[in-house]
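Presented below is the structure to which this report refers.
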Amino acid sequence: MADSDTARLCTQIIRSHFGPLTGTVAEVLLVRGRLALPQIVRFSRLKPRTVRAAILVLVQQNLLWHSQSDDEGEMLEVNVEDCLMRLRYGHYVAQAEELFGKAAAEIVQLILDHGKLRPPEIISRLSIYDPIKGSAIYSQALHKLVDAYYLKPSTVLSHQSPRDRLLRYETEEKKKISGFPTSKELREAKETAEARLKREEEEAEQIGMKRKAKDQPHRPSKRKAVEEDVVDEEVYFRVNCDRFNVHIRNKLIETAAVERFNESAGLVLRAALKATEGKQKSVTDVRSDPTSVANIAMHLPEDVDLSAGLVLPSSKKPSNMTLLKDYLGILASADNPTPAGRAASFISFNGSKVQVEFEIIGRRLRQRVLEAIARERHGDEAVRIIRLLLDTGKVDEKQISKVGMMANKDVRPLLSALSADTLISLQEVPKSADRNPTRTFYLWYVDLQKAYTVLLRNLYKTLYNIAARAEAEAEEPTVKAVLEKRQRSDVSQDEEHLLTRVEREVLAEWEKKREKLAVLQMRVEEAVFILRDLGTFGINDE
């Protein structure tokens with residue numbers, strides 16, 4: 001069951017995309033957790049026919065999980081992650097167009113609109129105006145998307161909660177243990193269950209392509225037939241959000257390198273990411289696959305001048321390969337072979353192999369979000385305290401004042417304010433068993449996992465407020481009247497002459513506000529991506 005802020009945001013997303021009735025059904029499931037169909041009907045106070053129609057819509061859009069058990073029967077649960085992913089659908093369409101062209105973008109947009117579709121339905125809907133040429137173009141684009149895992153098959157397992165299956169597999173593994181299980185056996189049972197779940201998901205995603213004999217009219221009859229991979233027309237396909245999220249992550253990493261060093265370092269890191277981009281299937285990878293320096297050099301632009309970003313000791317310009325190795329050494333922090341240097345690196349450069357360290361970069365990006373929020377709310381002194389606590393661990397108030405070179409009267413209220421926002425935490429260490437406050441040490445520290453969780457909830461609240469503000473602006477009587485008038489067919493063809501000057505000014509002002517809210521939503525969603533999607537390994541941050 002989602003927390004209150006996440007539930008409000010998911011309800012608002014579903015209500016804006018599918019209407020108030022479907023939003024009501026989703027709200028019941030988000031607030032009360034998994035329920036059976038009769039319970040949803042009772043709590044939503046809607047007709048059974050309406051509830052069933054809403055559930056069909058949510059299942060088609062991959063927003064509902066269902067599970068079957070002997071005790072409870074069929075239970076329904078909202079897929080919160082896929083619901084929140086709907087805020088990035090615009091990014092996914094733009095990325096598809098950038099990678100594969102306009103035809104691929106139209107396919108992705110059509111599947112996002114319908115949840116899941118089969119290849120014949122996709123081709124027939126998009127090639128309606130040009131059945132001959134359009135069909136071949138869209139078939140080729142669809143093959144590229146499926147082959148590169150940007151589209152994945154929708155299977156029976158994808159409509160079941162992974163958490164339920166993991167718990168079931170763990171229970172099965174624990175039953176195999178004889179006697180009282182040890183901690184090692186329990187850990188092995190959990191690892192076996194996770195490996196089984198991952199293997200099932202990988203096997204289920206392999207059914208999208210099938211082998212088919214290639215037509216060769218002049219082929220001799222005795223020669224072996226040539227086979228090729230084609231898209232299976234009987235499989236329903238849905239958008240693979242993880243594959244598109246990889247590009248968002250890589251763009252953030254490239255931007256971080258540009259901000260840290262310069263444009264040339266960003267180009268080198270982009271080339272290193274491009275060299276292994278085909279094997280990057282998910283944002284949960286700890287690091288990229290190893291690649292060679294020569295392979296990175298092949299992905300650099302031909303007209304790039306790497307010497308522009310370095311101060312060279314002599315007037316003689318070195319070769320591009322020498323400059324590339326220098327940049328790789330800078331990105332790997334080769335001049336600082338300490339734990340601090342490794343924590344500040346972007347890649348690992350061992351011999352001739354290069355790997356991009358996603359976990360290290362993600363940890364640094366999350367800490368940067370934490371520091372940015374602390375600076376915005378409490379000033380630079382708060383960032384100084386957080387960095388001090390992250391470096392030294394648990395410290396008392398006097399030590400913070402001494403090491404941070406701040407007056408004690410300034411430190412105490414700042415610590416209380418940071419603790420109220422859950423940016424730092426307090427550990428009590430009593431000297432005696434009676435836990436007398438006068439004989440207790442109070443140590444301050446940063447609980448990163450707790451801080452990130454609270455920040456994420458606050459960001460969800462901000463996203464909900466942005467969407468509510470956009471709806472309120474559109475529902476203002478003056479703006480609403482102008483928008484309804486603009487939707488008329490005659491006005492939409494000639495807005496310049498059929499709208500008055502005042503109406504055009506109202507429309508321009510509303511579009512300006514909407515653009516500002518959209519930009520703000522993109523910035524907040526970027527912070528959410530860093531904290532949630534790049535936070536897979538956040539437990540190890542401490």
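Numbering starts fresh at 1 for the residues of each chain in the structure tokens, the chains themselves are lettered A, B, ... in the order given, and ligands are numbered from 1 as they appear.
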
Exercise. If you run DSSP over the backbone, which residues in segment 221-347 of chain A end up strand (DSSP E or B)? Put them as a list of chain:residue names.
Key: A:Glu227, A:Glu228, A:Asp229, A:Val230, A:Val231, A:Phe237, A:Arg238, A:Val239, A:Arg287, A:Thr291, A:Ser292, A:Ile347

Keeping only C-alpha atoms, write those residues as a PDB file, in the first residue's frame.
```
ATOM      1  CA  GLU A 227      16.471 -18.051 -41.224  1.00  0.00           C
ATOM      2  CA  GLU A 228      15.902 -14.573 -39.850  1.00  0.00           C
ATOM      3  CA  ASP A 229      14.331 -13.087 -36.734  1.00  0.00           C
ATOM      4  CA  VAL A 230      10.867 -11.585 -37.186  1.00  0.00           C
ATOM      5  CA  VAL A 231       8.418 -10.045 -34.740  1.00  0.00           C
ATOM      6  CA  PHE A 237       3.857  -5.632 -26.766  1.00  0.00           C
ATOM      7  CA  ARG A 238       4.235  -2.888 -24.182  1.00  0.00           C
ATOM      8  CA  VAL A 239       6.844  -0.164 -23.712  1.00  0.00           C
ATOM      9  CA  ARG A 287      28.653  -0.598 -13.699  1.00  0.00           C
ATOM     10  CA  THR A 291      35.055  -1.661 -23.283  1.00  0.00           C
ATOM     11  CA  SER A 292      38.338  -0.737 -24.920  1.00  0.00           C
ATOM     12  CA  ILE A 347      34.846   5.499 -14.581  1.00  0.00           C
TER      13      ILE A 347
END
```

Self-check item: Non-local contacts of segment 240-247 of chain A (8 Å; only C-alpha atoms; under 5 positions in same chain excluded) as a list of chain:residue names
Solution: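 Contacts, with the query itself left out: A:Met85, A:Tyr92, A:Gln95, A:Tyr149, A:Tyr150, A:Leu151, A:Lys152, A:Gln280, A:Lys281, A:Ser282, A:Val283.
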
So that I have them on file, write out the residues from the current selection with N, CA and C atoms, as a PDB file, in the first residue's frame.
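Output below, filename selection.pdb:
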```pdb
ATOM      1  N   MET A  85       5.532   6.227 -13.765  1.00  0.00           N
ATOM      2  CA  MET A  85       6.278   6.310 -15.028  1.00  0.00           C
ATOM      3  C   MET A  85       5.516   7.104 -16.086  1.00  0.00           C
ATOM      4  N   TYR A  92       9.935   9.466 -23.347  1.00  0.00           N
ATOM      5  CA  TYR A  92      10.098   8.213 -24.086  1.00  0.00           C
ATOM      6  C   TYR A  92       9.812   8.406 -25.579  1.00  0.00           C
ATOM      7  N   GLN A  95      12.720  10.301 -27.120  1.00  0.00           N
ATOM      8  CA  GLN A  95      13.902   9.450 -27.265  1.00  0.00           C
ATOM      9  C   GLN A  95      13.746   8.472 -28.422  1.00  0.00           C
ATOM     10  N   TYR A 149      14.992  -4.087 -27.479  1.00  0.00           N
ATOM     11  CA  TYR A 149      14.342  -4.209 -26.171  1.00  0.00           C
ATOM     12  C   TYR A 149      13.665  -2.921 -25.699  1.00  0.00           C
ATOM     13  N   TYR A 150      13.321  -2.031 -26.623  1.00  0.00           N
ATOM     14  CA  TYR A 150      12.551  -0.850 -26.234  1.00  0.00           C
ATOM     15  C   TYR A 150      11.063  -1.210 -26.105  1.00  0.00           C
ATOM     16  N   LEU A 151      10.662  -2.291 -26.722  1.00  0.00           N
ATOM     17  CA  LEU A 151       9.335  -2.871 -26.521  1.00  0.00           C
ATOM     18  C   LEU A 151       9.529  -4.275 -25.979  1.00  0.00           C
ATOM     19  N   LYS A 152       8.714  -4.666 -25.021  1.00  0.00           N
ATOM     20  CA  LYS A 152       8.827  -6.003 -24.446  1.00  0.00           C
ATOM     21  C   LYS A 152       7.466  -6.679 -24.458  1.00  0.00           C
ATOM     22  N   GLN A 280      23.168  -2.142 -22.072  1.00  0.00           N
ATOM     23  CA  GLN A 280      22.599  -1.550 -20.861  1.00  0.00           C
ATOM     24  C   GLN A 280      21.081  -1.714 -20.904  1.00  0.00           C
ATOM     25  N   LYS A 281      20.580  -2.696 -20.187  1.00  0.00           N
ATOM     26  CA  LYS A 281      19.159  -3.021 -20.227  1.00  0.00           C
ATOM     27  C   LYS A 281      18.349  -2.364 -19.111  1.00  0.00           C
ATOM     28  N   SER A 282      19.018  -1.959 -18.016  1.00  0.00           N
ATOM     29  CA  SER A 282      18.278  -1.445 -16.863  1.00  0.00           C
ATOM     30  C   SER A 282      19.162  -0.472 -16.090  1.00  0.00           C
ATOM     31  N   VAL A 283      18.519   0.397 -15.301  1.00  0.00           N
ATOM     32  CA  VAL A 283      19.268   1.354 -14.479  1.00  0.00           C
ATOM     33  C   VAL A 283      19.785   0.712 -13.196  1.00  0.00           C
TER      34      VAL A 283
END
```

Exercise. Run DSSP on the backbone and give me the residues of segment 120-161 of chain A it puts in alpha helix (DSSP H), as a list in words.
Key: Pro120, Glu121, Ile122, Ile123, Ser124, Arg125, Leu126, Lys133, Gly134, Ser135, Ala136, Ile137, Tyr138, Ser139, Gln140, Ala141, Leu142, His143, Lys144, Leu145, Val146 and Asp147 of chain A

With N, CA and C atoms kept, could you save the residues just selected as a compact mmCIF listing (two decimals), in the first residue's frame?
```txt
# COMPACT_ATOMS: atom_id res chain seq x y z
N PRO A 120 0.00 -6.60 -35.73
CA PRO A 120 -0.96 -6.25 -36.78
C PRO A 120 -1.84 -5.05 -36.43
N GLU A 121 -2.22 -4.93 -35.15
CA GLU A 121 -3.03 -3.78 -34.74
C GLU A 121 -2.23 -2.49 -34.84
N ILE A 122 -0.94 -2.54 -34.49
CA ILE A 122 -0.09 -1.34 -34.58
C ILE A 122 0.04 -0.90 -36.03
N ILE A 123 0.36 -1.84 -36.91
CA ILE A 123 0.59 -1.50 -38.32
C ILE A 123 -0.70 -0.99 -38.97
N SER A 124 -1.82 -1.63 -38.70
CA SER A 124 -3.08 -1.23 -39.34
C SER A 124 -3.53 0.15 -38.88
N ARG A 125 -3.30 0.50 -37.62
CA ARG A 125 -3.72 1.80 -37.12
C ARG A 125 -2.86 2.93 -37.68
N LEU A 126 -1.55 2.68 -37.83
CA LEU A 126 -0.64 3.75 -38.24
C LEU A 126 -0.54 3.90 -39.76
N LYS A 133 3.28 1.63 -48.62
CA LYS A 133 4.58 2.08 -48.14
C LYS A 133 4.60 2.20 -46.62
N GLY A 134 3.50 2.69 -46.03
CA GLY A 134 3.45 2.88 -44.58
C GLY A 134 3.62 1.58 -43.82
N SER A 135 3.05 0.50 -44.33
CA SER A 135 3.15 -0.78 -43.65
C SER A 135 4.60 -1.25 -43.56
N ALA A 136 5.35 -1.10 -44.62
CA ALA A 136 6.75 -1.53 -44.62
C ALA A 136 7.59 -0.67 -43.68
N ILE A 137 7.33 0.65 -43.68
CA ILE A 137 8.10 1.56 -42.81
C ILE A 137 7.85 1.25 -41.34
N TYR A 138 6.59 1.10 -40.98
CA TYR A 138 6.27 0.85 -39.58
C TYR A 138 6.69 -0.56 -39.14
N SER A 139 6.65 -1.52 -40.04
CA SER A 139 7.11 -2.87 -39.70
C SER A 139 8.61 -2.87 -39.41
N GLN A 140 9.35 -2.12 -40.21
CA GLN A 140 10.79 -2.03 -39.99
C GLN A 140 11.11 -1.33 -38.67
N ALA A 141 10.38 -0.22 -38.37
CA ALA A 141 10.60 0.50 -37.11
C ALA A 141 10.22 -0.37 -35.91
N LEU A 142 9.14 -1.14 -36.04
CA LEU A 142 8.71 -2.02 -34.96
C LEU A 142 9.76 -3.10 -34.70
N HIS A 143 10.33 -3.65 -35.77
CA HIS A 143 11.36 -4.67 -35.61
C HIS A 143 12.57 -4.10 -34.87
N LYS A 144 12.97 -2.88 -35.18
CA LYS A 144 14.10 -2.25 -34.49
C LYS A 144 13.81 -2.05 -33.00
N LEU A 145 12.60 -1.60 -32.68
CA LEU A 145 12.24 -1.35 -31.28
C LEU A 145 12.22 -2.65 -30.48
N VAL A 146 11.66 -3.72 -31.06
CA VAL A 146 11.60 -5.00 -30.35
C VAL A 146 12.98 -5.61 -30.24
N ASP A 147 13.77 -5.54 -31.29
CA ASP A 147 15.11 -6.13 -31.29
C ASP A 147 16.03 -5.45 -30.29
```

Interface rows for segment 298-354 of chain A against segment 258-267 of chain A: nearest pair, Å to one decimal, 9 Å, only C-alpha atoms, as a Markdown table:
```
| residue | atom | partner | partner_atom | distance |
| --- | --- | --- | --- | --- |
| A:Leu300 | CA | A:Leu267 | CA | 7.1 |
| A:Pro301 | CA | A:Leu267 | CA | 8.4 |
| A:Val304 | CA | A:Ser264 | CA | 8.3 |
| A:Asp305 | CA | A:Ser264 | CA | 7.9 |
| A:Leu306 | CA | A:Ser264 | CA | 5.8 |
| A:Ser307 | CA | A:Ser264 | CA | 8.4 |
| A:Ala308 | CA | A:Ser264 | CA | 7.5 |
| A:Gly309 | CA | A:Ser264 | CA | 5.8 |
| A:Leu310 | CA | A:Ser264 | CA | 8.8 |
| A:Tyr327 | CA | A:Ala265 | CA | 6.2 |
| A:Leu328 | CA | A:Ala265 | CA | 8.3 |
| A:Ile330 | CA | A:Ala265 | CA | 8.5 |
| A:Leu331 | CA | A:Ala265 | CA | 7.6 |
```

Preceding selection exported with N, CA, C and O atoms as a compact mmCIF listing (two decimals), in the first residue's frame:
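In the end it all went to again-v3.txt:
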```
# COMPACT_ATOMS: atom_id res chain seq x y z
N LEU A 300 33.51 8.74 -30.77
CA LEU A 300 33.70 10.20 -30.66
C LEU A 300 33.35 10.86 -31.99
O LEU A 300 33.56 10.27 -33.06
N PRO A 301 32.82 12.08 -31.98
CA PRO A 301 32.57 12.79 -33.25
C PRO A 301 33.86 13.00 -34.02
O PRO A 301 34.93 13.19 -33.43
N VAL A 304 35.70 16.51 -33.47
CA VAL A 304 35.92 16.96 -32.10
C VAL A 304 37.39 17.32 -31.88
O VAL A 304 38.29 16.69 -32.43
N ASP A 305 37.61 18.38 -31.11
CA ASP A 305 38.96 18.83 -30.77
C ASP A 305 39.15 18.66 -29.27
O ASP A 305 38.78 19.53 -28.47
N LEU A 306 39.72 17.53 -28.88
CA LEU A 306 39.89 17.24 -27.46
C LEU A 306 40.92 18.13 -26.79
O LEU A 306 40.91 18.29 -25.57
N SER A 307 41.83 18.70 -27.57
CA SER A 307 42.86 19.56 -26.98
C SER A 307 42.30 20.87 -26.45
O SER A 307 42.96 21.55 -25.66
N ALA A 308 41.07 21.23 -26.85
CA ALA A 308 40.50 22.50 -26.41
C ALA A 308 40.19 22.50 -24.91
O ALA A 308 40.14 23.57 -24.29
N GLY A 309 40.03 21.35 -24.32
CA GLY A 309 39.68 21.29 -22.90
C GLY A 309 40.85 21.03 -21.98
O GLY A 309 40.65 20.88 -20.77
N LEU A 310 42.07 20.96 -22.52
CA LEU A 310 43.26 20.68 -21.71
C LEU A 310 44.30 21.77 -21.91
O LEU A 310 44.40 22.37 -22.97
N TYR A 327 41.94 12.17 -20.78
CA TYR A 327 40.59 12.43 -20.27
C TYR A 327 40.06 11.26 -19.46
O TYR A 327 39.41 11.45 -18.42
N LEU A 328 40.35 10.04 -19.92
CA LEU A 328 39.91 8.87 -19.17
C LEU A 328 40.59 8.81 -17.80
O LEU A 328 39.97 8.41 -16.80
N ILE A 330 41.52 11.45 -16.11
CA ILE A 330 40.87 12.48 -15.29
C ILE A 330 39.53 11.98 -14.77
O ILE A 330 39.20 12.16 -13.59
N LEU A 331 38.74 11.35 -15.64
CA LEU A 331 37.43 10.85 -15.22
C LEU A 331 37.55 9.71 -14.20
O LEU A 331 36.65 9.52 -13.38
```

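The coordinates place atom CA of Leu117 of chain A at 21.7 Å from atom CA of Gly19 of chain A.
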
Exercise. Compile the contact shell of segment 4-13 of chain A as number ranges by chain: residues with an atom at most 8 Å away, counting only C-alpha atoms, same-chain residues fewer than 5 positions apart removed.
Key: A: 23-24, 26-27, 30-31, 80, 83-84, 86, 457-458, 460-461, 463-464, 467

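With atom CA of Gln521 of chain A on one side and atom CA of Leu455 of chain A on the other, the separation reads 15.6 Å.
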
Quiz item: With distances taken over only C-alpha atoms, which of A:Glu473, A:Glu496, A:Glu525, A:Glu381 is nearest to Glu511 of chain A?
Solution: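 Of A:Glu473, A:Glu496, A:Glu525, A:Glu381, the one nearest Glu511 of chain A, counting only C-alpha atoms, is A:Glu473.
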
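Distances from A:Ile530, A:Leu76, A:Ala433, A:Leu517 to Tyr452 of chain A were compared using only C-alpha atoms, and the smallest one belongs to A:Ile530.
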
Need the shell around Phe349 of chain A: protein/DNA/RNA residues with any atom at most 9 Å away, counting only C-alpha atoms. Skip same-chain ones fewer than 3 positions apart. Format as a compact mmCIF listing (two decimals) with C-alpha atoms, in the first residue's frame?
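The result, stored in result07.txt:
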```txt
# COMPACT_ATOMS: atom_id res chain seq x y z
CA LEU A 328 39.91 8.87 -19.17
CA GLY A 329 42.55 9.28 -16.46
CA LEU A 331 37.43 10.85 -15.22
CA ALA A 332 38.88 7.88 -13.29
CA ALA A 334 43.91 8.47 -11.55
CA SER A 352 43.04 -1.05 -21.54
CA LYS A 353 39.50 -1.66 -20.24
CA VAL A 354 37.07 1.10 -19.23
CA GLN A 355 33.88 0.75 -17.17
CA VAL A 356 31.42 3.50 -16.21
```

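For Gln160 of chain A, the set of protein, DNA and RNA residues having any atom at most 9 Å away, when counting only C-alpha atoms and skipping those fewer than 6 positions along the same chain, is Leu64, Trp65, His66 and Ser67 of chain A.
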
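Rounded to one decimal, atom CA of Glu72 of chain A and atom CA of Glu191 of chain A lie 27.7 Å from each other.
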
Quiz item: Nearest to Gly393 of chain A: which of A:Ile107, A:Ile361, A:Val446, A:Val411 is it, counting only C-alpha atoms?
Solution: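 For Gly393 of chain A, the nearest of the given residues is A:Val446.
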
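Non-sequential neighbours of segment 170-176 of chain A (distance at most 9 Å, separation of 3 or more positions within a chain, only C-alpha atoms) are Arg165, Leu166, Leu167, Pro181, Glu185, Leu186, Glu188, Ala189, Lys190, Glu191, Thr192, Ala193 and Glu194 of chain A.
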
Just to be explicit: take each residue in the selection above, keep all heavy atoms, and write the result as a compact mmCIF listing (two decimals), in the first residue's frame.
```txt
# COMPACT_ATOMS: atom_id res chain seq x y z
N ARG A 165 5.27 -13.08 -6.02
CA ARG A 165 5.99 -14.24 -6.54
C ARG A 165 7.28 -14.49 -5.76
O ARG A 165 7.65 -15.63 -5.50
CB ARG A 165 6.30 -14.03 -8.03
CG ARG A 165 5.07 -14.17 -8.91
CD ARG A 165 5.45 -14.15 -10.37
NE ARG A 165 5.81 -12.82 -10.81
CZ ARG A 165 6.76 -12.55 -11.69
NH1 ARG A 165 7.47 -13.53 -12.20
NH2 ARG A 165 7.01 -11.31 -12.06
N LEU A 166 7.97 -13.39 -5.39
CA LEU A 166 9.20 -13.54 -4.62
C LEU A 166 8.92 -14.18 -3.26
O LEU A 166 9.65 -15.07 -2.81
CB LEU A 166 9.87 -12.17 -4.44
CG LEU A 166 11.20 -12.15 -3.69
CD1 LEU A 166 12.23 -12.99 -4.43
CD2 LEU A 166 11.70 -10.73 -3.52
N LEU A 167 7.86 -13.73 -2.58
CA LEU A 167 7.51 -14.32 -1.29
C LEU A 167 7.13 -15.79 -1.44
O LEU A 167 7.47 -16.63 -0.59
CB LEU A 167 6.35 -13.53 -0.66
CG LEU A 167 6.67 -12.10 -0.20
CD1 LEU A 167 5.40 -11.40 0.26
CD2 LEU A 167 7.70 -12.11 0.92
N PRO A 181 16.17 -23.29 10.52
CA PRO A 181 17.07 -22.68 9.51
C PRO A 181 18.04 -21.68 10.13
O PRO A 181 17.69 -20.93 11.04
CB PRO A 181 16.09 -21.97 8.57
CG PRO A 181 14.90 -21.69 9.40
CD PRO A 181 14.79 -22.81 10.39
N GLU A 185 21.33 -20.11 5.67
CA GLU A 185 20.35 -20.83 4.85
C GLU A 185 19.21 -19.92 4.43
O GLU A 185 18.72 -20.01 3.29
CB GLU A 185 19.82 -22.03 5.62
CG GLU A 185 20.84 -23.15 5.81
CD GLU A 185 20.33 -24.26 6.70
OE1 GLU A 185 19.43 -24.00 7.53
OE2 GLU A 185 20.82 -25.39 6.58
N LEU A 186 18.77 -19.02 5.32
CA LEU A 186 17.71 -18.08 4.96
C LEU A 186 18.18 -17.12 3.88
O LEU A 186 17.42 -16.78 2.96
CB LEU A 186 17.26 -17.30 6.20
CG LEU A 186 16.52 -18.11 7.28
CD1 LEU A 186 16.26 -17.24 8.50
CD2 LEU A 186 15.20 -18.66 6.73
N GLU A 188 20.55 -17.73 1.65
CA GLU A 188 20.66 -18.50 0.41
C GLU A 188 19.28 -18.75 -0.21
O GLU A 188 19.13 -18.72 -1.44
CB GLU A 188 21.37 -19.82 0.68
CG GLU A 188 22.85 -19.67 1.00
CD GLU A 188 23.49 -21.01 1.35
OE1 GLU A 188 22.73 -21.99 1.51
OE2 GLU A 188 24.73 -21.05 1.46
N ALA A 189 18.27 -18.98 0.64
CA ALA A 189 16.92 -19.19 0.12
C ALA A 189 16.40 -17.93 -0.56
O ALA A 189 15.76 -18.00 -1.63
CB ALA A 189 15.98 -19.59 1.26
N LYS A 190 16.69 -16.77 0.05
CA LYS A 190 16.26 -15.51 -0.56
C LYS A 190 16.98 -15.25 -1.88
O LYS A 190 16.36 -14.83 -2.86
CB LYS A 190 16.52 -14.36 0.41
CG LYS A 190 16.00 -13.02 -0.06
CD LYS A 190 16.20 -11.94 0.99
CE LYS A 190 15.66 -10.60 0.51
NZ LYS A 190 15.84 -9.53 1.52
N GLU A 191 18.28 -15.53 -1.93
CA GLU A 191 19.04 -15.32 -3.15
C GLU A 191 18.56 -16.27 -4.25
O GLU A 191 18.46 -15.87 -5.43
CB GLU A 191 20.53 -15.55 -2.88
CG GLU A 191 21.15 -14.46 -2.00
CD GLU A 191 22.59 -14.78 -1.63
OE1 GLU A 191 23.05 -15.90 -1.97
OE2 GLU A 191 23.24 -13.93 -1.00
N THR A 192 18.24 -17.50 -3.89
CA THR A 192 17.73 -18.46 -4.88
C THR A 192 16.38 -18.01 -5.43
O THR A 192 16.12 -18.11 -6.64
CB THR A 192 17.59 -19.85 -4.25
OG1 THR A 192 18.84 -20.24 -3.68
CG2 THR A 192 17.16 -20.88 -5.28
N ALA A 193 15.51 -17.50 -4.54
CA ALA A 193 14.21 -17.01 -4.98
C ALA A 193 14.36 -15.81 -5.91
O ALA A 193 13.66 -15.71 -6.93
CB ALA A 193 13.35 -16.65 -3.77
N GLU A 194 15.27 -14.89 -5.59
CA GLU A 194 15.49 -13.72 -6.44
C GLU A 194 16.05 -14.13 -7.80
O GLU A 194 15.65 -13.57 -8.84
CB GLU A 194 16.44 -12.74 -5.74
CG GLU A 194 15.83 -12.05 -4.53
CD GLU A 194 16.83 -11.19 -3.79
OE1 GLU A 194 18.04 -11.28 -4.12
OE2 GLU A 194 16.43 -10.44 -2.89
```

Quiz item: Counting only C-alpha atoms, what is within 12 Å of Gln60 of chain A, bar same-chain residues fewer than 2 positions away, as a list in words?
Solution: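 Surrounding residues, per the criterion: Phe18, Ala53, Ala54, Ile55, Leu56, Val57, Leu58, Asn62, Leu63, Leu64, Trp65, Ile111, Leu112, Asp113, His114, Gly115, Lys116, Leu117, Ser154, Ser158, His159, Tyr236, Phe237 and Arg238 of chain A.
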
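Each of A:Asp421, A:Glu503, A:Asp82, A:Asp533 was compared to Ile373 of chain A using only C-alpha atoms, and A:Asp421 turns out to be the nearest.
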